[in-house]
Structure formats: C-alpha cells, structure tokens
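Undergrad: Just one file: upload.cif, with mmCIF, C-alpha atoms.
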```
data_upload
loop_
_atom_site.group_PDB
_atom_site.id
_atom_site.type_symbol
_atom_site.label_atom_id
_atom_site.label_comp_id
_atom_site.auth_asym_id
_atom_site.auth_seq_id
_atom_site.Cartn_x
_atom_site.Cartn_y
_atom_site.Cartn_z
ATOM 1 C CA MET B 1 132.762 118.807 72.415
ATOM 2 C CA SER B 2 131.582 117.811 68.944
ATOM 3 C CA ALA B 3 128.300 115.990 68.387
ATOM 4 C CA PRO B 4 129.937 112.621 67.516
ATOM 5 C CA ALA B 5 132.096 112.897 70.662
ATOM 6 C CA VAL B 6 129.003 113.487 72.785
ATOM 7 C CA ALA B 7 127.324 110.480 71.217
ATOM 8 C CA LEU B 8 130.372 108.299 71.841
ATOM 9 C CA ALA B 9 130.937 109.433 75.451
ATOM 10 C CA PRO B 10 129.675 106.918 78.042
ATOM 11 C CA ARG B 11 126.204 107.933 79.162
ATOM 12 C CA GLN B 12 125.985 108.674 82.866
ATOM 13 C CA SER B 13 123.029 106.624 84.063
ATOM 14 C CA ARG B 14 120.875 108.261 86.734
ATOM 15 C CA ILE B 15 119.795 106.727 90.038
ATOM 16 C CA VAL B 16 116.356 105.061 90.217
ATOM 17 C CA VAL B 17 113.639 107.433 91.405
ATOM 18 C CA VAL B 18 111.037 105.373 93.239
ATOM 19 C CA ARG B 19 107.375 106.381 93.226
ATOM 20 C CA LEU B 20 104.991 105.010 95.828
ATOM 21 C CA ALA B 21 102.590 104.008 93.070
ATOM 22 C CA ASP B 22 105.037 101.254 92.032
ATOM 23 C CA SER B 23 104.855 99.510 95.394
ATOM 24 C CA ALA B 24 101.131 100.338 95.749
ATOM 25 C CA GLU B 25 100.338 98.273 92.639
ATOM 26 C CA ALA B 26 102.230 95.288 94.073
ATOM 27 C CA ILE B 27 100.466 95.618 97.442
ATOM 28 C CA GLY B 28 97.110 95.898 95.680
ATOM 29 C CA ALA B 29 97.764 92.678 93.755
ATOM 30 C CA LEU B 30 99.064 90.949 96.904
ATOM 31 C CA SER B 31 95.980 92.035 98.878
ATOM 32 C CA LEU B 32 93.584 90.851 96.184
ATOM 33 C CA ILE B 33 95.326 87.447 96.073
ATOM 34 C CA TYR B 34 95.246 87.174 99.887
ATOM 35 C CA GLY B 35 91.567 88.183 99.962
ATOM 36 C CA ALA B 36 90.685 85.765 97.159
ATOM 37 C CA LEU B 37 92.479 82.888 98.943
ATOM 38 C CA LEU B 38 90.556 83.691 102.142
ATOM 39 C CA ALA B 39 87.248 83.798 100.269
ATOM 40 C CA ILE B 40 87.841 80.683 98.114
ATOM 41 C CA PHE B 41 89.554 78.519 100.776
ATOM 42 C CA PRO B 42 88.033 79.805 104.043
ATOM 43 C CA VAL B 43 89.297 76.801 106.046
ATOM 44 C CA SER B 44 92.387 75.312 104.390
ATOM 45 C CA PHE B 45 94.282 78.590 103.704
ATOM 46 C CA PRO B 46 93.947 79.934 107.301
ATOM 47 C CA ASN B 47 94.857 76.439 108.600
ATOM 48 C CA LEU B 48 98.010 76.455 106.480
ATOM 49 C CA ILE B 49 99.089 79.829 107.913
ATOM 50 C CA VAL B 50 98.256 78.930 111.525
ATOM 51 C CA LYS B 51 100.027 75.547 111.281
ATOM 52 C CA SER B 52 103.161 77.116 109.784
ATOM 53 C CA TRP B 53 103.105 79.747 112.565
ATOM 54 C CA GLU B 54 102.868 76.972 115.178
ATOM 55 C CA ARG B 55 105.848 75.202 113.583
ATOM 56 C CA GLY B 56 107.828 78.483 113.553
ATOM 57 C CA GLU B 57 108.120 78.523 109.755
ATOM 58 C CA LEU B 58 105.934 81.553 109.074
ATOM 59 C CA LEU B 59 108.462 84.228 110.106
ATOM 60 C CA PRO B 60 111.413 83.084 107.914
ATOM 61 C CA VAL B 61 109.074 82.444 104.963
ATOM 62 C CA LEU B 62 107.567 85.933 105.291
ATOM 63 C CA MET B 63 111.047 87.493 105.581
ATOM 64 C CA LEU B 64 112.323 85.707 102.493
ATOM 65 C CA PHE B 65 109.160 86.393 100.482
ATOM 66 C CA THR B 66 109.028 90.128 101.245
ATOM 67 C CA PHE B 67 112.784 90.546 100.726
ATOM 68 C CA LEU B 68 112.595 88.890 97.292
ATOM 69 C CA LEU B 69 109.421 90.784 96.354
ATOM 70 C CA ASP B 70 110.893 94.173 97.331
ATOM 71 C CA THR B 71 114.167 93.481 95.514
ATOM 72 C CA GLY B 72 112.359 92.237 92.403
ATOM 73 C CA LEU B 73 110.075 95.268 92.419
ATOM 74 C CA TYR B 74 113.011 97.670 92.753
ATOM 75 C CA LEU B 75 114.984 95.994 89.972
ATOM 76 C CA ARG B 76 111.896 96.081 87.732
ATOM 77 C CA ILE B 77 111.541 99.830 88.313
ATOM 78 C CA ALA B 78 115.278 100.284 87.566
ATOM 79 C CA GLN B 79 114.934 98.313 84.338
ATOM 80 C CA ARG B 80 111.816 100.261 83.267
ATOM 81 C CA LEU B 81 113.494 103.611 83.886
ATOM 82 C CA SER B 82 116.857 102.408 82.497
ATOM 83 C CA ALA B 83 118.482 103.726 85.669
ATOM 84 C CA LYS B 84 121.052 102.241 88.009
ATOM 85 C CA PRO B 85 120.117 101.070 91.533
ATOM 86 C CA GLY B 86 121.351 103.351 94.339
ATOM 87 C CA MET B 87 123.290 102.382 97.452
ATOM 88 C CA MET B 88 120.744 103.999 99.798
ATOM 89 C CA ALA B 89 117.875 102.040 98.278
ATOM 90 C CA ALA B 90 119.891 98.813 98.420
ATOM 91 C CA ALA B 91 120.566 99.377 102.125
ATOM 92 C CA CYS B 92 116.856 100.100 102.772
ATOM 93 C CA LEU B 93 115.676 97.077 100.797
ATOM 94 C CA GLY B 94 118.270 94.810 102.398
ATOM 95 C CA SER B 95 117.351 95.651 105.963
ATOM 96 C CA LEU B 96 113.854 97.120 106.227
ATOM 97 C CA PRO B 97 111.730 94.137 105.068
ATOM 98 C CA LEU B 98 113.483 91.916 107.638
ATOM 99 C CA LEU B 99 113.165 94.526 110.395
ATOM 100 C CA VAL B 100 109.495 95.187 109.603
ATOM 101 C CA VAL B 101 108.567 91.486 109.546
ATOM 102 C CA GLY B 102 110.556 90.954 112.769
ATOM 103 C CA GLY B 103 108.752 93.875 114.423
ATOM 104 C CA ALA B 104 105.380 92.667 113.162
ATOM 105 C CA SER B 105 106.113 89.208 114.572
ATOM 106 C CA PHE B 106 106.878 90.771 117.972
ATOM 107 C CA ILE B 107 103.544 92.649 117.924
ATOM 108 C CA GLN B 108 101.809 89.439 116.824
ATOM 109 C CA GLN B 109 103.172 87.573 119.866
ATOM 110 C CA LYS B 110 101.852 90.359 122.104
ATOM 111 C CA ALA B 111 98.425 90.230 120.435
ATOM 112 C CA VAL B 112 98.238 86.422 120.809
ATOM 113 C CA LYS B 113 99.216 86.663 124.491
ATOM 114 C CA TYR B 114 96.569 89.343 125.017
ATOM 115 C CA THR B 115 93.918 87.184 123.325
ATOM 116 C CA LEU B 116 94.834 84.116 125.380
ATOM 117 C CA THR B 117 94.456 86.059 128.631
ATOM 118 C CA SER B 118 91.072 87.491 127.595
ATOM 119 C CA GLU B 119 87.746 85.890 128.451
ATOM 120 C CA TRP B 120 86.344 85.585 124.939
ATOM 121 C CA PRO B 121 84.711 82.259 124.001
ATOM 122 C CA ASN B 122 86.339 80.088 121.307
ATOM 123 C CA LEU B 123 89.867 81.282 122.113
ATOM 124 C CA HIS B 124 91.704 78.917 119.743
ATOM 125 C CA ALA B 125 89.784 80.155 116.688
ATOM 126 C CA ARG B 126 90.223 83.769 117.844
ATOM 127 C CA VAL B 127 94.010 83.295 118.079
ATOM 128 C CA GLY B 128 93.939 81.897 114.538
ATOM 129 C CA GLU B 129 92.149 85.039 113.323
ATOM 130 C CA GLU B 130 94.751 87.234 115.030
ATOM 131 C CA ILE B 131 97.569 85.320 113.304
ATOM 132 C CA LEU B 132 95.783 85.629 109.952
ATOM 133 C CA ALA B 133 95.354 89.393 110.372
ATOM 134 C CA HIS B 134 98.948 89.953 111.504
ATOM 135 C CA THR B 135 100.357 87.873 108.642
ATOM 136 C CA TYR B 136 98.503 90.061 106.153
ATOM 137 C CA LEU B 137 99.461 93.307 107.893
ATOM 138 C CA ALA B 138 103.129 92.234 108.068
ATOM 139 C CA LEU B 139 103.090 91.507 104.321
ATOM 140 C CA VAL B 140 101.649 94.947 103.517
ATOM 141 C CA ALA B 141 103.985 96.770 105.902
ATOM 142 C CA ALA B 142 107.095 94.938 104.656
ATOM 143 C CA VAL B 143 106.393 96.002 101.059
ATOM 144 C CA PHE B 144 105.038 99.505 101.737
ATOM 145 C CA LEU B 145 107.383 100.821 104.435
ATOM 146 C CA PRO B 146 110.760 100.219 102.677
ATOM 147 C CA PHE B 147 109.513 102.011 99.550
ATOM 148 C CA LEU B 148 108.047 104.807 101.666
ATOM 149 C CA ALA B 149 111.428 105.191 103.413
ATOM 150 C CA ILE B 150 113.276 105.290 100.066
ATOM 151 C CA ARG B 151 110.803 107.857 98.691
ATOM 152 C CA LEU B 152 111.108 110.102 101.751
ATOM 153 C CA LEU B 153 114.924 109.831 101.744
ATOM 154 C CA GLN B 154 114.998 110.739 98.050
ATOM 155 C CA GLN B 155 112.829 113.799 98.668
ATOM 156 C CA PHE B 156 114.969 114.782 101.662
ATOM 157 C CA LYS B 157 118.126 114.450 99.539
ATOM 158 C CA ASN B 158 116.606 116.666 96.841
ATOM 159 C CA THR B 159 115.694 119.431 99.277
ATOM 160 C CA VAL B 160 119.032 119.474 101.149
ATOM 161 C CA MET F 1 77.358 76.533 104.086
ATOM 162 C CA THR F 2 76.949 79.853 102.270
ATOM 163 C CA ASN F 3 74.557 82.213 103.988
ATOM 164 C CA TRP F 4 74.035 85.969 104.241
ATOM 165 C CA ASN F 5 76.882 86.393 106.737
ATOM 166 C CA SER F 6 79.450 84.755 104.478
ATOM 167 C CA VAL F 7 78.905 87.338 101.715
ATOM 168 C CA LYS F 8 78.324 90.373 103.958
ATOM 169 C CA TRP F 9 81.802 91.725 103.208
ATOM 170 C CA LEU F 10 80.767 92.041 99.542
ATOM 171 C CA LEU F 11 78.141 94.583 100.617
ATOM 172 C CA TYR F 12 80.796 96.574 102.484
ATOM 173 C CA LEU F 13 82.982 96.598 99.387
ATOM 174 C CA ALA F 14 80.062 97.826 97.292
ATOM 175 C CA LEU F 15 79.489 100.563 99.856
ATOM 176 C CA TYR F 16 83.105 101.614 99.394
ATOM 177 C CA LEU F 17 83.039 101.447 95.610
ATOM 178 C CA ILE F 18 79.761 103.270 94.967
ATOM 179 C CA PRO F 19 80.443 106.655 96.646
ATOM 180 C CA VAL F 20 84.132 106.730 95.797
ATOM 181 C CA PHE F 21 84.200 105.673 92.143
ATOM 182 C CA LEU F 22 80.709 105.338 90.689
ATOM 183 C CA LEU F 23 78.879 108.291 92.249
ATOM 184 C CA PRO F 24 81.213 111.074 90.959
ATOM 185 C CA TRP F 25 81.162 109.512 87.493
ATOM 186 C CA ALA F 26 77.347 109.203 87.501
ATOM 187 C CA VAL F 27 76.936 112.803 88.748
ATOM 188 C CA SER F 28 79.219 114.084 85.975
ATOM 189 C CA ARG F 29 77.104 112.259 83.387
ATOM 190 C CA SER F 30 73.920 113.657 84.885
ATOM 191 C CA TRP F 31 75.388 117.194 84.874
ATOM 192 C CA VAL F 32 76.298 116.932 81.191
ATOM 193 C CA HIS F 33 72.865 115.468 80.365
ATOM 194 C CA GLN F 34 71.042 118.300 82.201
ATOM 195 C CA ARG F 35 72.880 120.885 80.109
ATOM 196 C CA GLY F 36 72.113 119.098 76.900
ATOM 197 C CA GLY F 37 75.746 118.233 76.251
ATOM 198 C CA THR F 38 76.932 115.155 74.456
ATOM 199 C CA VAL F 39 80.390 114.915 76.036
ATOM 200 C CA ARG F 40 81.098 111.776 78.040
ATOM 201 C CA TYR F 41 83.790 112.117 80.661
ATOM 202 C CA SER F 42 85.829 108.994 81.355
ATOM 203 C CA PRO F 43 86.976 108.220 84.923
ATOM 204 C CA LYS F 44 90.509 109.090 83.777
ATOM 205 C CA GLN F 45 89.399 112.586 82.707
ATOM 206 C CA LEU F 46 87.304 113.007 85.831
ATOM 207 C CA PHE F 47 90.128 112.126 88.242
ATOM 208 C CA GLU F 48 93.121 113.361 86.232
ATOM 209 C CA ARG F 49 94.296 115.764 88.956
ATOM 210 C CA GLY F 50 94.652 112.930 91.471
ATOM 211 C CA GLU F 51 91.192 113.317 93.062
ATOM 212 C CA LEU F 52 91.032 109.544 93.401
ATOM 213 C CA GLY F 53 93.725 109.901 96.055
ATOM 214 C CA LEU F 54 91.566 112.329 97.997
ATOM 215 C CA LEU F 55 88.638 109.922 97.875
ATOM 216 C CA SER F 56 90.930 107.083 99.007
ATOM 217 C CA LEU F 57 91.401 108.896 102.299
ATOM 218 C CA VAL F 58 87.622 108.800 102.797
ATOM 219 C CA LEU F 59 87.708 105.087 102.026
ATOM 220 C CA ALA F 60 90.580 104.532 104.483
ATOM 221 C CA CYS F 61 88.641 106.412 107.197
ATOM 222 C CA GLY F 62 85.699 104.029 106.691
ATOM 223 C CA GLY F 63 88.024 101.036 107.093
ATOM 224 C CA ILE F 64 89.660 102.502 110.225
ATOM 225 C CA TRP F 65 86.246 103.224 111.743
ATOM 226 C CA HIS F 66 85.242 99.607 111.228
ATOM 227 C CA VAL F 67 88.531 98.231 112.627
ATOM 228 C CA LEU F 68 88.234 100.413 115.736
ATOM 229 C CA GLY F 69 84.819 98.892 116.478
ATOM 230 C CA SER F 70 86.093 95.303 116.200
ATOM 231 C CA THR F 71 87.018 92.849 118.949
ATOM 232 C CA TYR F 72 90.590 92.344 117.722
ATOM 233 C CA ALA F 73 93.441 92.763 120.204
ATOM 234 C CA PRO F 74 94.443 96.448 120.629
ATOM 235 C CA HIS F 75 97.805 95.691 118.935
ATOM 236 C CA THR F 76 96.064 94.408 115.805
ATOM 237 C CA ILE F 77 93.667 97.375 115.755
ATOM 238 C CA ALA F 78 96.589 99.810 116.055
ATOM 239 C CA VAL F 79 98.653 98.224 113.264
ATOM 240 C CA ALA F 80 95.683 97.937 110.867
ATOM 241 C CA SER F 81 94.563 101.524 111.559
ATOM 242 C CA VAL F 82 98.049 102.983 111.113
ATOM 243 C CA LEU F 83 98.633 101.136 107.828
ATOM 244 C CA LEU F 84 95.231 102.131 106.440
ATOM 245 C CA ALA F 85 95.813 105.742 107.500
ATOM 246 C CA MET F 86 99.279 105.801 105.908
ATOM 247 C CA GLY F 87 97.867 104.468 102.628
ATOM 248 C CA GLY F 88 95.066 107.060 102.705
ATOM 249 C CA ILE F 89 97.417 109.936 103.512
ATOM 250 C CA MET F 90 99.892 108.948 100.794
ATOM 251 C CA ALA F 91 97.025 108.734 98.284
ATOM 252 C CA MET F 92 95.782 112.178 99.338
ATOM 253 C CA THR F 93 99.315 113.568 98.944
ATOM 254 C CA VAL F 94 99.114 112.819 95.201
ATOM 255 C CA TRP F 95 96.179 115.239 94.901
ATOM 256 C CA VAL F 96 97.904 117.867 97.078
ATOM 257 C CA GLU F 97 101.136 117.613 95.059
ATOM 258 C CA THR F 98 99.282 117.843 91.753
ATOM 259 C CA PHE F 99 97.261 120.836 92.986
ATOM 260 C CA CYS F 100 100.414 122.643 94.199
ATOM 261 C CA ARG F 101 102.290 121.890 90.973
ATOM 262 C CA GLN F 102 99.401 123.136 88.861
ATOM 263 C CA ARG F 103 98.837 126.313 90.907
ATOM 264 C CA SER F 104 102.536 127.202 91.170
ATOM 265 C CA GLY F 105 103.119 126.709 87.475
ATOM 266 C CA THR F 106 105.575 123.861 88.057
ATOM 267 C CA ASP F 107 105.356 121.146 85.435
ATOM 268 C CA TRP F 108 102.566 118.729 86.205
ATOM 269 C CA HIS F 109 101.728 115.594 84.317
ATOM 270 C CA PRO F 110 98.046 114.530 84.345
ATOM 271 C CA ARG F 111 99.051 111.033 83.235
ATOM 272 C CA ARG F 112 101.407 110.621 86.199
ATOM 273 C CA ALA F 113 98.858 112.051 88.660
ATOM 274 C CA TRP F 114 96.196 109.679 87.314
ATOM 275 C CA ARG F 115 98.541 106.672 87.483
ATOM 276 C CA ASP F 116 99.774 107.452 91.017
ATOM 277 C CA SER F 117 96.316 108.148 92.432
ATOM 278 C CA ARG F 118 94.852 105.061 90.715
ATOM 279 C CA SER F 119 97.588 102.778 92.096
ATOM 280 C CA LEU F 120 97.292 104.164 95.618
ATOM 281 C CA ALA F 121 93.487 103.942 95.421
ATOM 282 C CA LEU F 122 93.869 100.271 94.443
ATOM 283 C CA PHE F 123 96.165 99.792 97.448
ATOM 284 C CA VAL F 124 93.690 101.390 99.878
ATOM 285 C CA PHE F 125 90.669 99.659 98.343
ATOM 286 C CA SER F 126 92.259 96.177 98.293
ATOM 287 C CA MET F 127 93.518 96.627 101.852
ATOM 288 C CA ALA F 128 90.065 97.735 103.017
ATOM 289 C CA ALA F 129 88.639 94.689 101.209
ATOM 290 C CA VAL F 130 90.923 92.233 103.026
ATOM 291 C CA VAL F 131 90.303 94.003 106.351
ATOM 292 C CA GLU F 132 86.543 93.626 105.786
ATOM 293 C CA ILE F 133 86.953 89.910 105.025
ATOM 294 C CA LEU F 134 89.055 89.473 108.182
ATOM 295 C CA LEU F 135 86.517 91.420 110.278
ATOM 296 C CA ASP F 136 83.704 89.303 108.877
ATOM 297 C CA ARG F 137 85.581 86.105 109.809
ATOM 298 C CA LEU F 138 86.231 87.442 113.323
ATOM 299 C CA SER F 139 82.576 88.328 113.846
ATOM 300 C CA ARG F 140 81.587 84.769 112.861
ATOM 301 C CA VAL F 141 84.138 83.315 115.298
ATOM 302 C CA GLY F 142 82.659 85.525 118.017
ATOM 303 C CA ALA F 143 79.127 84.400 117.180
ATOM 304 C CA GLN F 144 79.991 80.685 117.437
#
```
Represent the supplied structure as structure tokens.
TA:
Amino acid sequence: MSAPAVALAPRQSRIVVVRLADSAEAIGALSLIYGALLAIFPVSFPNLIVKSWERGELLPVLMLFTFLLDTGLYLRIAQRLSAKPGMMAAACLGSLPLLVVGGASFIQQKAVKYTLTSEWPNLHARVGEEILAHTYLALVAAVFLPFLAIRLLQQFKNTV
Amino acid sequence: MTNWNSVKWLLYLALYLIPVFLLPWAVSRSWVHQRGGTVRYSPKQLFERGELGLLSLVLACGGIWHVLGSTYAPHTIAVASVLLAMGGIMAMTVWVETFCRQRSGTDWHPRRAWRDSRSLALFVFSMAAVVEILLDRLSRVGAQ
C-alpha cells in the first residue's frame, strides 16, 4: 500500500486502556472534599447526610453520583488517549457502581442494627457516625472497584 | 468550641506525611551535603521508580491499625480496613511492576511510574486523612 493510501485509510482506533492512577486521582480529590466538608461544617454536613439517609434519599443519590462520576472519568480517559470506549468497560461501569453502592448500603444497615443493639452511651450520635463512615466508604468503593475490575480484566485479556 | 481534640487528626496526618514524604527527601539532602555534593534531588527524582507506592502501603497499615482499635461496628472496621489495604497494595504494585520491568529489560517509563505512584499515594493519604477525621469524631461521641 502506498504512503498516501495509508494516510487516507480510516485509522483503527484502539480500546481505552485504564490505569488505576486515573481513578485514584478522582478518589483523592473526592476524599479531600469530603474531609474538608467534615472539618469546616462539623455539624451541618453530617446532619444533611443523616437526614437524607433517614428519608431514604441517600442510596439513590449515591448511586446516581457514582455512576455519573465513573462514566465521566472513563470518557475523559478515552478522550485523553483518543481511544474508543470498550464494551467490557461499559458493562462494568454500568453495573458495578450500582452493585457496590447497593452492597455497601446492605452492610450499612447491618452496622446500624449492630450499633443499636450495643450498650454504648449516646446511641443516636453513634449511629450518625456509622452512617457518615459508610457513606464515605461506599463512595470510595464505588469509584475504585469498577476501575480495578476493568484493569484486572484488561490484564487478564492480555495474558490469555 | 475549638480545643486540642478537634485538631488532633491534624497531628495524625503530620505523622503520616513526615516519615513517608519528608524524611526520605531530608535524608537524601543530608547524604549529598555530607559528601560535599551540590546536587539537589527533587521528590520526583527520588521516587521515580514508584517508591512512593511502597511507602503508601506503610501509610495504609498505619490507618488499618488505627481503625482496628476503634469502637466502630465490626462491619465498618472490615470495610475500611479492606479498602485501605487494597489502596496500599495497588500502590505497592506500581513499585513492583516498575522494578520487574527495569530488571527484565522491558520498557519502563519513569514518568509513568512517578505519576501512578503519586496518584495512588494521594488516594491512600486522603483516605487515611478522612478515616482519621471520622475516628476523631467517633472518639468525641464516645467521650460525651
């Protein structure tokens, strides 16, 4: 094939190769924001989270937020690398954030039940602290685990 | 009201930062000074093989140790410990991968190793920071 023909042929774009560092930066920023909100608004921010958990709004908000964040992050990586998004990654990003937040919510319910049956003083405040911790951990897990799964699947695909 | 307890987590963060980031850099400067050299190594040069990832595992272990001693529900302790450990292990893997690539003669990119280890170190450090803030809040609830 001549050089002009090669130049004119449609370029085959490669699939996005995800590195954990991409999601780690987002989690780092998310953690610093969460920590700063806790330090600057030590009463109103935890109250907001606990109240939304009591109203049952926390779970869908977390699911939507992590889903959008993961998708945005993946598309940003694809744009930076000028690569096309893969089907496997789309399936992971479509399902895993929701599954992880759902699983984290289940563990949170168990932790709250455990706290309520314990004999610690100031139980209401203690339950609030458990909710605060689980909300943060669910956020981290829902961003980190899908990208970890994609990374491991990509490595597995390369070795097979 | 702000008192010693409300800023205690800042001390923990300093304890994480000093041995992991500042101490190796200060020791490298002291080493160069002792030998009469004038070279100044930047943190990027010092950790270009992904050593920051290795140190992140140490940092994650400190966080896990603190979480295990808390009065959180066992479920919360388990989730926090596993996530911190996963972050630490992934950060350490950057150093292992870079070492293996370098030793086996496979192409290795110092810039990529530095970027990956720095990002994962930020992840572990910021997570340890939030965990310390949460632990500090819990200890104050327990003291009330």
Undergrad: Nearest to Val18 (chain B) among F:His33, F:Thr98, F:Arg103, F:Asp116, with distances taken over all atoms listed in the file: which residue is it?
TA: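 That would be F:Asp116, the residue with the smallest distance to Val18 (chain B).
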Undergrad: Could you please tell me, as a list in words, which residues of chain F have an atom within 8 Å of chain B when using all atoms listed in the file?
TA: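 The selection requested is Tyr72, Ala73, Pro74, His75, Thr76, Val79, Ala80, Leu83, Arg115, Asp116, Ser117, Ser119, Leu120, Leu122, Phe123, Val124, Phe125, Ser126, Met127, Ala129, Val130, Val131, Ile133, Leu134, Arg137, Leu138, Val141, Gly142 and Gln144 of chain F.
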Undergrad: Please provide as a list in words all residues within 7 Å of region 80-92 of chain B, with the sequence filter that same-chain residues fewer than 4 positions apart are discarded (counting only C-alpha atoms).
TA: Ser13, Arg14, Ile15, Val16, Arg76, Leu96, Pro146 and Ile150 of chain B
Undergrad: Name the residues in contact with Val20 (chain F) at a cut-off of 8 Å, using only C-alpha atoms, excluding same-chain residues fewer than 6 positions from it; report them as a CSV table (one decimal) with C-alpha atoms, keeping the file's coordinate frame.
TA:
```csv
chain,number,residue,atom,x,y,z
F,52,LEU,CA,91.0,109.5,93.4
F,55,LEU,CA,88.6,109.9,97.9
F,56,SER,CA,90.9,107.1,99.0
F,59,LEU,CA,87.7,105.1,102.0
```
Undergrad: Distance cut-off 12 Å, centre (86.1, 112.3, 87.0) in file coordinates, counting only C-alpha atoms: which residues qualify? Return them as a PyMOL selection string.
TA: chain F and resi 20-29+31+40-52+55+114+118
Undergrad: Write to file, as an mmCIF file, keeping the file's coordinate frame, the residues of the selection just made, with C-alpha atoms.
TA:
```cif
data_model
loop_
_atom_site.group_PDB
_atom_site.id
_atom_site.type_symbol
_atom_site.label_atom_id
_atom_site.label_comp_id
_atom_site.auth_asym_id
_atom_site.auth_seq_id
_atom_site.Cartn_x
_atom_site.Cartn_y
_atom_site.Cartn_z
ATOM 1 C CA VAL F 20 84.132 106.730 95.797
ATOM 2 C CA PHE F 21 84.200 105.673 92.143
ATOM 3 C CA LEU F 22 80.709 105.338 90.689
ATOM 4 C CA LEU F 23 78.879 108.291 92.249
ATOM 5 C CA PRO F 24 81.213 111.074 90.959
ATOM 6 C CA TRP F 25 81.162 109.512 87.493
ATOM 7 C CA ALA F 26 77.347 109.203 87.501
ATOM 8 C CA VAL F 27 76.936 112.803 88.748
ATOM 9 C CA SER F 28 79.219 114.084 85.975
ATOM 10 C CA ARG F 29 77.104 112.259 83.387
ATOM 11 C CA TRP F 31 75.388 117.194 84.874
ATOM 12 C CA ARG F 40 81.098 111.776 78.040
ATOM 13 C CA TYR F 41 83.790 112.117 80.661
ATOM 14 C CA SER F 42 85.829 108.994 81.355
ATOM 15 C CA PRO F 43 86.976 108.220 84.923
ATOM 16 C CA LYS F 44 90.509 109.090 83.777
ATOM 17 C CA GLN F 45 89.399 112.586 82.707
ATOM 18 C CA LEU F 46 87.304 113.007 85.831
ATOM 19 C CA PHE F 47 90.128 112.126 88.242
ATOM 20 C CA GLU F 48 93.121 113.361 86.232
ATOM 21 C CA ARG F 49 94.296 115.764 88.956
ATOM 22 C CA GLY F 50 94.652 112.930 91.471
ATOM 23 C CA GLU F 51 91.192 113.317 93.062
ATOM 24 C CA LEU F 52 91.032 109.544 93.401
ATOM 25 C CA LEU F 55 88.638 109.922 97.875
ATOM 26 C CA TRP F 114 96.196 109.679 87.314
ATOM 27 C CA ARG F 118 94.852 105.061 90.715
#
```
Undergrad: Identify which of the residues B:Lys51, B:Pro46, B:Gly103, B:Val17 lies closest to Asn158 (chain B), counting all atoms listed in the file when measuring atom-to-atom distances.
TA: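 That would be B:Val17, the residue with the smallest distance to Asn158 (chain B).
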Undergrad: Provide the CA of Met90 (chain F) to CA of Glu132 (chain F) distance in Å, to one decimal place.
TA: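 Pair CA of Met90 (chain F) / CA of Glu132 (chain F) returns 20.9 Å.
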Undergrad: Rank nothing, just name the residue among F:Ala60, F:Ser70, F:Trp108, F:Phe99 nearest to Ala85 (chain F), using only C-alpha atoms.
TA: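 Closest candidate: F:Ala60.
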Undergrad: CA of Ser139 (chain F) to CA of Leu68 (chain F): how many Å, to one decimal?
TA: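 Going from CA of Ser139 (chain F) over to CA of Leu68 (chain F), I get 13.5 Å.
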